[in-house]
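Undergrad: Got a structure for you, written out below as structure tokens; questions coming shortly.
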Amino acid sequence: MIERAEQMHRQFFQPGSAAAPAASWEPPIDVFESERDLLIVVALPGVDTQDIEISSEGAVLRVAGVRRLPAAVRGTDIVRLEIPQGRFERRIRLPAARWELSRSSLVNGCLLLNLTK
């Protein structure tokens, strides 16, 4: 446990490191497929649209970004922190076909990604 704590300390406290920190959590997803469409729902409550990056790398769709603590909690003490914060990334292997992202929207804390063949 001490070794793991030291690894985490090194990961988060690297002075002068300009690189973006590694993702610390993966959001859960649901995937629905019809004859022509693919709908991917990514659970991202509390994440702002400008903090989300969507990209594709071959047959893999990548959703990444950051969840920030709400401004209202600044200056308070943490009593319990169960909702993951910080950088996230989810790589989603797409079914065999040529998919194109036709629409994306953030609704009720879920990112909805519509892909078409």
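Going through the structure tokens in order, the chains are called A, B, and so on, while each chain numbers its residues from 1 and the ligands are numbered from 1 in the order shown.
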I'd like the neighbourhood of Glu100 of chain A as a list in words, where a residue qualifies if any of its atoms comes within 8 Å (using only C-alpha atoms), though same-chain residues fewer than 3 positions away should be ignored.

TA: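 Counting only C-alpha atoms, the residues come to Leu115, Thr116 and Lys117 of chain A.
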
Undergrad: So that I can check the surroundings of Val107 of chain A, please list as a ChimeraX atom specification every protein, DNA and RNA residue that reaches within 12 Å of it, counting only C-alpha atoms and ignoring chain neighbours fewer than 4 positions away.

TA: /A:41-49,111-113

Undergrad: Please dump the current selection as a CSV table (one decimal), in the first residue's frame; keep C-alpha atoms.

TA:
chain,number,residue,atom,x,y,z
A,41,VAL,CA,-24.5,7.0,-24.3
A,42,VAL,CA,-21.6,8.1,-22.1
A,43,ALA,CA,-22.4,8.9,-18.4
A,44,LEU,CA,-20.7,12.2,-17.7
A,45,PRO,CA,-22.7,14.0,-15.0
A,46,GLY,CA,-21.1,17.3,-14.0
A,47,VAL,CA,-18.9,17.5,-17.1
A,48,ASP,CA,-19.1,20.7,-19.2
A,49,THR,CA,-19.3,20.4,-23.0
A,111,LEU,CA,-23.1,12.5,-23.8
A,112,LEU,CA,-25.2,11.1,-26.7
A,113,LEU,CA,-23.2,10.1,-29.8

Undergrad: Just asking: which residues within chain A are strand (DSSP E) according to DSSP, as a PyMOL selection string?

TA: chain A and resi 29-33+37-43+52-57+60-67+86-93+100-107+110-116

Undergrad: So which bits of chain A end up helix (DSSP H, G or I) when you DSSP the backbone, as a list in words?

TA: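 So, restricting chain A to helix (DSSP H, G or I), we get Ile2, Glu3, Arg4, Ala5, Glu6, Gln7, Met8, His9, Arg10, Gln11, Phe12, Thr49, Gln50, Asp51, Ala71, Ala72 and Val73 of chain A.
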
Undergrad: Point out the residue among A:Ile52, A:Ile92, A:Ala71, A:Val79 with the least atom-to-atom distance to Pro28 of chain A, counting only C-alpha atoms.

TA: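 With only C-alpha atoms as the atom set, the closest residue is A:Ile92.
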
Undergrad: Neighbours of segment 61-64 of chain A within 10 Å (only C-alpha atoms; same-chain residues fewer than 6 positions away dropped), as a list in words?

TA: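 Close residues of segment 61-64 of chain A: Ala23, Trp25, Glu26, Pro27, Val42, Asp51, Ile52, Glu53, Ile54, Ser55, Arg87, Phe88, Glu89, Arg90, Arg91, Ile92, Arg93, Leu94, Trp99, Leu101 and Leu111 of chain A.
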
Undergrad: Just to confirm, what's the straight-line distance from atom CA of Glu82 of chain A to atom CA of Gly109 of chain A in Å (one decimal)?

TA: 16.8 Å

Undergrad: Would you list the contacts of Ser34 of chain A as a VMD selection string, taking every protein, DNA or RNA residue within 12 Å and counting only C-alpha atoms, but skipping same-chain residues closer than 2 positions in sequence?

TA: chain A and resid 31 to 32 36 to 40 95 114 to 117

Undergrad: Write the residues you've just listed into a file as a PDB file, in the first residue's frame, and include N, CA, C and O atoms for each of them.

TA:
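The result, written out as out-v7.pdb:
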ATOM      1  N   VAL A  31     -24.297   1.060 -25.434  1.00  0.00           N
ATOM      2  CA  VAL A  31     -24.188   1.095 -26.892  1.00  0.00           C
ATOM      3  C   VAL A  31     -25.412   0.395 -27.476  1.00  0.00           C
ATOM      4  O   VAL A  31     -25.742  -0.718 -27.075  1.00  0.00           O
ATOM      5  N   PHE A  32     -26.061   1.074 -28.429  1.00  0.00           N
ATOM      6  CA  PHE A  32     -27.242   0.539 -29.093  1.00  0.00           C
ATOM      7  C   PHE A  32     -27.002   0.590 -30.595  1.00  0.00           C
ATOM      8  O   PHE A  32     -26.550   1.606 -31.118  1.00  0.00           O
ATOM      9  N   ARG A  36     -28.729   0.937 -39.457  1.00  0.00           N
ATOM     10  CA  ARG A  36     -27.886   1.999 -40.030  1.00  0.00           C
ATOM     11  C   ARG A  36     -27.196   2.876 -38.990  1.00  0.00           C
ATOM     12  O   ARG A  36     -26.333   3.672 -39.352  1.00  0.00           O
ATOM     13  N   ASP A  37     -27.594   2.793 -37.751  1.00  0.00           N
ATOM     14  CA  ASP A  37     -27.102   3.733 -36.745  1.00  0.00           C
ATOM     15  C   ASP A  37     -26.506   3.044 -35.524  1.00  0.00           C
ATOM     16  O   ASP A  37     -26.845   1.896 -35.216  1.00  0.00           O
ATOM     17  N   LEU A  38     -25.673   3.799 -34.855  1.00  0.00           N
ATOM     18  CA  LEU A  38     -25.085   3.368 -33.592  1.00  0.00           C
ATOM     19  C   LEU A  38     -25.279   4.522 -32.625  1.00  0.00           C
ATOM     20  O   LEU A  38     -24.950   5.670 -32.944  1.00  0.00           O
ATOM     21  N   LEU A  39     -25.855   4.261 -31.467  1.00  0.00           N
ATOM     22  CA  LEU A  39     -26.032   5.275 -30.431  1.00  0.00           C
ATOM     23  C   LEU A  39     -25.184   4.868 -29.246  1.00  0.00           C
ATOM     24  O   LEU A  39     -25.321   3.759 -28.724  1.00  0.00           O
ATOM     25  N   ILE A  40     -24.303   5.764 -28.833  1.00  0.00           N
ATOM     26  CA  ILE A  40     -23.460   5.525 -27.668  1.00  0.00           C
ATOM     27  C   ILE A  40     -23.829   6.564 -26.623  1.00  0.00           C
ATOM     28  O   ILE A  40     -23.861   7.765 -26.912  1.00  0.00           O
ATOM     29  N   PRO A  95     -18.326  -1.569 -33.822  1.00  0.00           N
ATOM     30  CA  PRO A  95     -18.603  -2.761 -34.625  1.00  0.00           C
ATOM     31  C   PRO A  95     -18.054  -2.583 -36.034  1.00  0.00           C
ATOM     32  O   PRO A  95     -17.917  -1.462 -36.527  1.00  0.00           O
ATOM     33  N   ASN A 114     -24.344   9.921 -31.865  1.00  0.00           N
ATOM     34  CA  ASN A 114     -25.031   9.215 -32.944  1.00  0.00           C
ATOM     35  C   ASN A 114     -24.067   9.037 -34.094  1.00  0.00           C
ATOM     36  O   ASN A 114     -23.532  10.002 -34.620  1.00  0.00           O
ATOM     37  N   LEU A 115     -23.833   7.777 -34.474  1.00  0.00           N
ATOM     38  CA  LEU A 115     -22.972   7.452 -35.603  1.00  0.00           C
ATOM     39  C   LEU A 115     -23.819   6.765 -36.655  1.00  0.00           C
ATOM     40  O   LEU A 115     -24.738   6.016 -36.334  1.00  0.00           O
ATOM     41  N   THR A 116     -23.512   7.029 -37.927  1.00  0.00           N
ATOM     42  CA  THR A 116     -24.235   6.392 -39.020  1.00  0.00           C
ATOM     43  C   THR A 116     -23.235   5.680 -39.925  1.00  0.00           C
ATOM     44  O   THR A 116     -22.075   6.054 -40.017  1.00  0.00           O
ATOM     45  N   LYS A 117     -23.761   4.635 -40.602  1.00  0.00           N
ATOM     46  CA  LYS A 117     -22.927   3.883 -41.559  1.00  0.00           C
ATOM     47  C   LYS A 117     -22.784   4.662 -42.829  1.00  0.00           C
ATOM     48  O   LYS A 117     -23.638   5.381 -43.251  1.00  0.00           O
TER      49      LYS A 117
END

Undergrad: Could you tell me how far atom CA of Glu57 of chain A sits from atom CA of Asp30 of chain A, in Å to one decimal place?

TA: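 Computed distance, atom CA of Asp30 of chain A to atom CA of Glu57 of chain A, equals 19.7 Å.
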
Undergrad: What is the distance between atom CA of Ala22 of chain A and atom CA of Pro84 of chain A, in Å to one decimal?

TA: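 Answer for the atom CA of Ala22 of chain A to atom CA of Pro84 of chain A separation: 13.9 Å.
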